[in-house]
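Enquirer: Contents are PDB, C-alpha atoms; file name query33.pdb:
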```pdb
ATOM      1  CA  VAL U   1     145.435  80.923 141.539
ATOM      2  CA  LEU U   2     143.053  83.013 143.625
ATOM      3  CA  ALA U   3     140.129  80.740 142.700
ATOM      4  CA  MET U   4     142.172  77.671 143.670
ATOM      5  CA  PHE U   5     143.055  79.056 147.112
ATOM      6  CA  GLY U   6     139.505  80.295 147.577
ATOM      7  CA  SER U   7     138.052  76.894 146.798
ATOM      8  CA  MET U   8     140.575  75.219 149.123
ATOM      9  CA  GLY U   9     139.584  77.655 151.873
ATOM     10  CA  ILE U  10     135.918  76.848 151.356
ATOM     11  CA  MET U  11     136.744  73.138 151.469
ATOM     12  CA  PHE U  12     138.630  73.455 154.786
ATOM     13  CA  VAL U  13     135.885  75.580 156.350
ATOM     14  CA  SER U  14     133.313  73.023 155.187
ATOM     15  CA  LEU U  15     135.365  70.174 156.638
ATOM     16  CA  ALA U  16     135.715  71.975 159.966
ATOM     17  CA  LEU U  17     132.002  72.771 160.094
ATOM     18  CA  GLY U  18     131.109  69.192 159.158
ATOM     19  CA  MET U  19     133.394  67.803 161.871
ATOM     20  CA  LEU U  20     131.861  70.146 164.444
ATOM     21  CA  LEU U  21     128.339  69.079 163.460
ATOM     22  CA  LEU U  22     129.386  65.416 163.573
ATOM     23  CA  ILE U  23     130.743  65.799 167.092
ATOM     24  CA  LEU U  24     127.621  67.660 168.224
ATOM     25  CA  GLY U  25     125.473  64.871 166.794
ATOM     26  CA  VAL U  26     127.491  61.929 168.087
ATOM     27  CA  ILE U  27     127.813  63.089 171.695
ATOM     28  CA  PRO U  28     124.109  62.761 172.657
ATOM     29  CA  LEU U  29     123.407  59.794 170.348
ATOM     30  CA  PRO U  30     123.943  56.986 172.926
ATOM     31  CA  MET U  31     121.494  58.568 175.360
ATOM     32  CA  ALA U  32     118.878  58.916 172.610
ATOM     33  CA  LEU U  33     119.413  55.286 171.583
ATOM     34  CA  ALA U  34     119.129  54.157 175.206
ATOM     35  CA  ALA U  35     115.839  56.057 175.553
ATOM     36  CA  CYS U  36     114.611  54.411 172.372
ATOM     37  CA  ALA U  37     115.536  50.964 173.711
ATOM     38  CA  ALA U  38     114.142  51.600 177.201
ATOM     39  CA  HIS U  39     110.749  52.796 175.970
ATOM     40  CA  GLU U  40     110.690  50.399 172.999
ATOM     41  CA  ARG U  41     109.557  53.241 170.750
ATOM     42  CA  LEU U  42     111.470  55.152 168.099
ATOM     43  CA  GLY U  43     109.794  58.372 169.146
ATOM     44  CA  ALA U  44     111.475  58.208 172.568
ATOM     45  CA  ALA U  45     114.780  59.082 170.913
ATOM     46  CA  PHE U  46     113.252  62.392 169.820
ATOM     47  CA  ARG U  47     112.053  63.413 173.291
ATOM     48  CA  PHE U  48     115.067  65.638 173.785
ATOM     49  CA  GLY U  49     114.001  67.151 177.084
ATOM     50  CA  GLU U  50     113.494  63.761 178.690
ATOM     51  CA  TRP U  51     116.850  62.186 177.933
ATOM     52  CA  TRP U  52     118.755  65.491 178.049
ATOM     53  CA  CYS U  53     117.735  65.803 181.709
ATOM     54  CA  LEU U  54     119.119  62.322 182.318
ATOM     55  CA  LEU U  55     122.332  63.161 180.493
ATOM     56  CA  ARG U  56     122.884  66.317 182.531
ATOM     57  CA  ARG U  57     122.103  64.525 185.794
ATOM     58  CA  ASN U  58     124.759  61.874 185.216
ATOM     59  CA  ALA U  59     127.201  63.724 182.950
ATOM     60  CA  TRP U  60     130.330  62.450 184.691
ATOM     61  CA  ASP U  61     129.459  58.760 184.176
ATOM     62  CA  TYR U  62     128.469  59.559 180.600
ATOM     63  CA  PHE U  63     131.880  61.145 180.021
ATOM     64  CA  ILE U  64     133.649  58.143 181.581
ATOM     65  CA  ALA U  65     131.710  55.780 179.297
ATOM     66  CA  TRP U  66     132.841  57.823 176.280
ATOM     67  CA  VAL U  67     136.456  57.688 177.487
ATOM     68  CA  VAL U  68     136.288  53.905 177.916
ATOM     69  CA  ILE U  69     134.795  53.416 174.451
ATOM     70  CA  GLY U  70     137.318  55.796 172.904
ATOM     71  CA  GLY U  71     140.156  53.963 174.644
ATOM     72  CA  LEU U  72     138.938  50.587 173.425
ATOM     73  CA  ALA U  73     138.639  51.936 169.892
ATOM     74  CA  MET U  74     142.191  53.315 170.032
ATOM     75  CA  VAL U  75     143.538  49.998 171.311
ATOM     76  CA  LEU U  76     141.734  48.202 168.480
ATOM     77  CA  MET U  77     143.062  50.608 165.856
ATOM     78  CA  THR U  78     146.608  50.295 167.211
ATOM     79  CA  ALA U  79     146.425  46.501 167.268
ATOM     80  CA  LEU U  80     145.062  46.363 163.727
ATOM     81  CA  SER U  81     147.729  48.799 162.527
ATOM     82  CA  LEU U  82     150.447  46.638 164.060
ATOM     83  CA  ALA U  83     148.922  43.537 162.498
ATOM     84  CA  TYR U  84     149.411  45.117 159.066
ATOM     85  CA  TYR U  85     153.174  44.870 159.565
ATOM     86  CA  THR U  86     153.125  41.077 159.690
ATOM     87  CA  LEU U  87     152.692  38.886 156.673
ATOM     88  CA  VAL U  88     150.508  36.288 158.395
ATOM     89  CA  LEU U  89     148.258  38.545 160.462
ATOM     90  CA  ILE U  90     147.493  40.875 157.564
ATOM     91  CA  CYS U  91     145.247  38.137 156.183
ATOM     92  CA  LEU U  92     143.364  37.966 159.477
ATOM     93  CA  VAL U  93     142.893  41.728 159.978
ATOM     94  CA  PRO U  94     139.379  41.866 158.462
ATOM     95  CA  PHE U  95     138.184  38.970 160.602
ATOM     96  CA  LEU U  96     139.890  40.086 163.804
ATOM     97  CA  GLY U  97     138.702  43.646 163.232
ATOM     98  CA  ALA U  98     135.109  42.531 162.744
ATOM     99  CA  ILE U  99     135.141  40.408 165.903
ATOM    100  CA  ALA U 100     136.828  43.099 168.006
ATOM    101  CA  GLY U 101     134.543  45.795 166.562
ATOM    102  CA  PHE U 102     131.484  43.732 167.472
ATOM    103  CA  TYR U 103     132.823  43.306 171.003
ATOM    104  CA  ILE U 104     133.357  47.068 171.312
ATOM    105  CA  LEU U 105     129.762  47.640 170.176
ATOM    106  CA  LEU U 106     128.573  45.236 172.883
ATOM    107  CA  VAL U 107     130.577  47.115 175.501
ATOM    108  CA  TYR U 108     129.227  50.403 174.070
ATOM    109  CA  GLY U 109     125.632  49.264 174.449
ATOM    110  CA  SER U 110     126.200  47.865 177.907
ATOM    111  CA  LEU U 111     128.007  50.947 179.232
ATOM    112  CA  PHE U 112     125.555  53.495 177.911
ATOM    113  CA  GLY U 113     122.596  51.351 178.908
ATOM    114  CA  GLN U 114     123.955  51.227 182.443
ATOM    115  CA  VAL U 115     124.523  54.992 182.446
ATOM    116  CA  TYR U 116     120.941  55.532 181.253
ATOM    117  CA  HIS U 117     119.605  53.226 183.956
ATOM    118  CA  ASP U 118     121.681  54.903 186.667
ATOM    119  CA  SER U 119     120.520  58.311 185.450
ATOM    120  CA  GLN U 120     116.896  57.220 185.672
ATOM    121  CA  GLN U 121     117.505  55.941 189.217
ATOM    122  CA  MET U 122     119.080  59.274 190.216
ATOM    123  CA  VAL U 123     116.219  61.311 188.789
ATOM    124  CA  SER U 124     113.541  59.079 190.324
ATOM    125  CA  SER U 125     115.259  59.171 193.739
ATOM    126  CA  ASP U 126     115.437  62.979 193.518
ATOM    127  CA  GLU U 127     111.734  63.146 192.692
ATOM    128  CA  VAL U 128     110.901  60.861 195.626
ATOM    129  CA  SER U 129     113.023  62.928 198.025
ATOM    130  CA  LEU U 130     111.338  66.139 196.828
ATOM    131  CA  THR U 131     107.852  64.773 197.451
ATOM    132  CA  VAL U 132     108.677  63.419 200.925
TER
END
```
Represent the supplied structure as structure tokens.
Expert:
Amino acid sequence: VLAMFGSMGIMFVSLALGMLLLILGVIPLPMALAACAAHERLGAAFRFGEWWCLLRRNAWDYFIAWVVIGGLAMVLMTALSLAYYTLVLICLVPFLGAIAGFYILLVYGSLFGQVYHDSQQMVSSDEVSLTV
């Protein structure tokens, strides 16, 4: 019994640690992907100091973009869950989910690309004002 509870405890601690690491990895991912796309080089995603400065400079817009994407994902999940209750729409759930998921990914890319661009504009305008 003690081994069973011990192993369950280890499992729950591992799940909590894994979830924490997932969140810490997912939060900066869009900014790294935007840097990769903007510079057209994979190595740009690993220049942490460069895009971390941009993320800190425009953190509020970055947070708003995450809220919008999270809201769209929740709306999609709710709509798909409700579609499971109908006999006709349950057949269309995979297709509707794929189309809506693709649309959310387009919005995701557009929002975070705009945030990255705005962040670059803010940093470059600050650099210009410091030199003048």
Enquirer: Spell out the residues picked by the PyMOL selection byres ((chain U and resi 52-64) around 9) here, as a PyMOL selection string.
Expert: chain U and resi 28+31-32+47-51+65-69+111-112+115-116+118-120+122-123
Enquirer: Find the distance between atom CA of Leu2 of chain U and atom CA of Leu15 of chain U and write it in Å to one decimal.
Expert: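 Computing the Euclidean distance for atom CA of Leu2 of chain U and atom CA of Leu15 of chain U yields 19.8 Å.
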Enquirer: Between atom CA of Val93 of chain U and atom CA of Leu80 of chain U, measure the distance and give it in Å to one decimal.
Expert: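 Calculated distance between atom CA of Val93 of chain U and atom CA of Leu80 of chain U is 6.3 Å.
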Enquirer: Write out as a count of residues only which residues come within 12 Å of Ala100 of chain U when counting only C-alpha atoms, dropping same-chain ones fewer than 5 positions away.
Expert: 15
Enquirer: Box for segment 4-21 of chain U - axis-aligned, 8 Å on each of the six sides, all listed atoms - centre and size in Å to one decimal, as AutoDock Vina command-line options.
Expert:
```
--center_x 135.7 --center_y 74.0 --center_z 154.1 --size_x 30.7 --size_y 28.5 --size_z 36.8
```
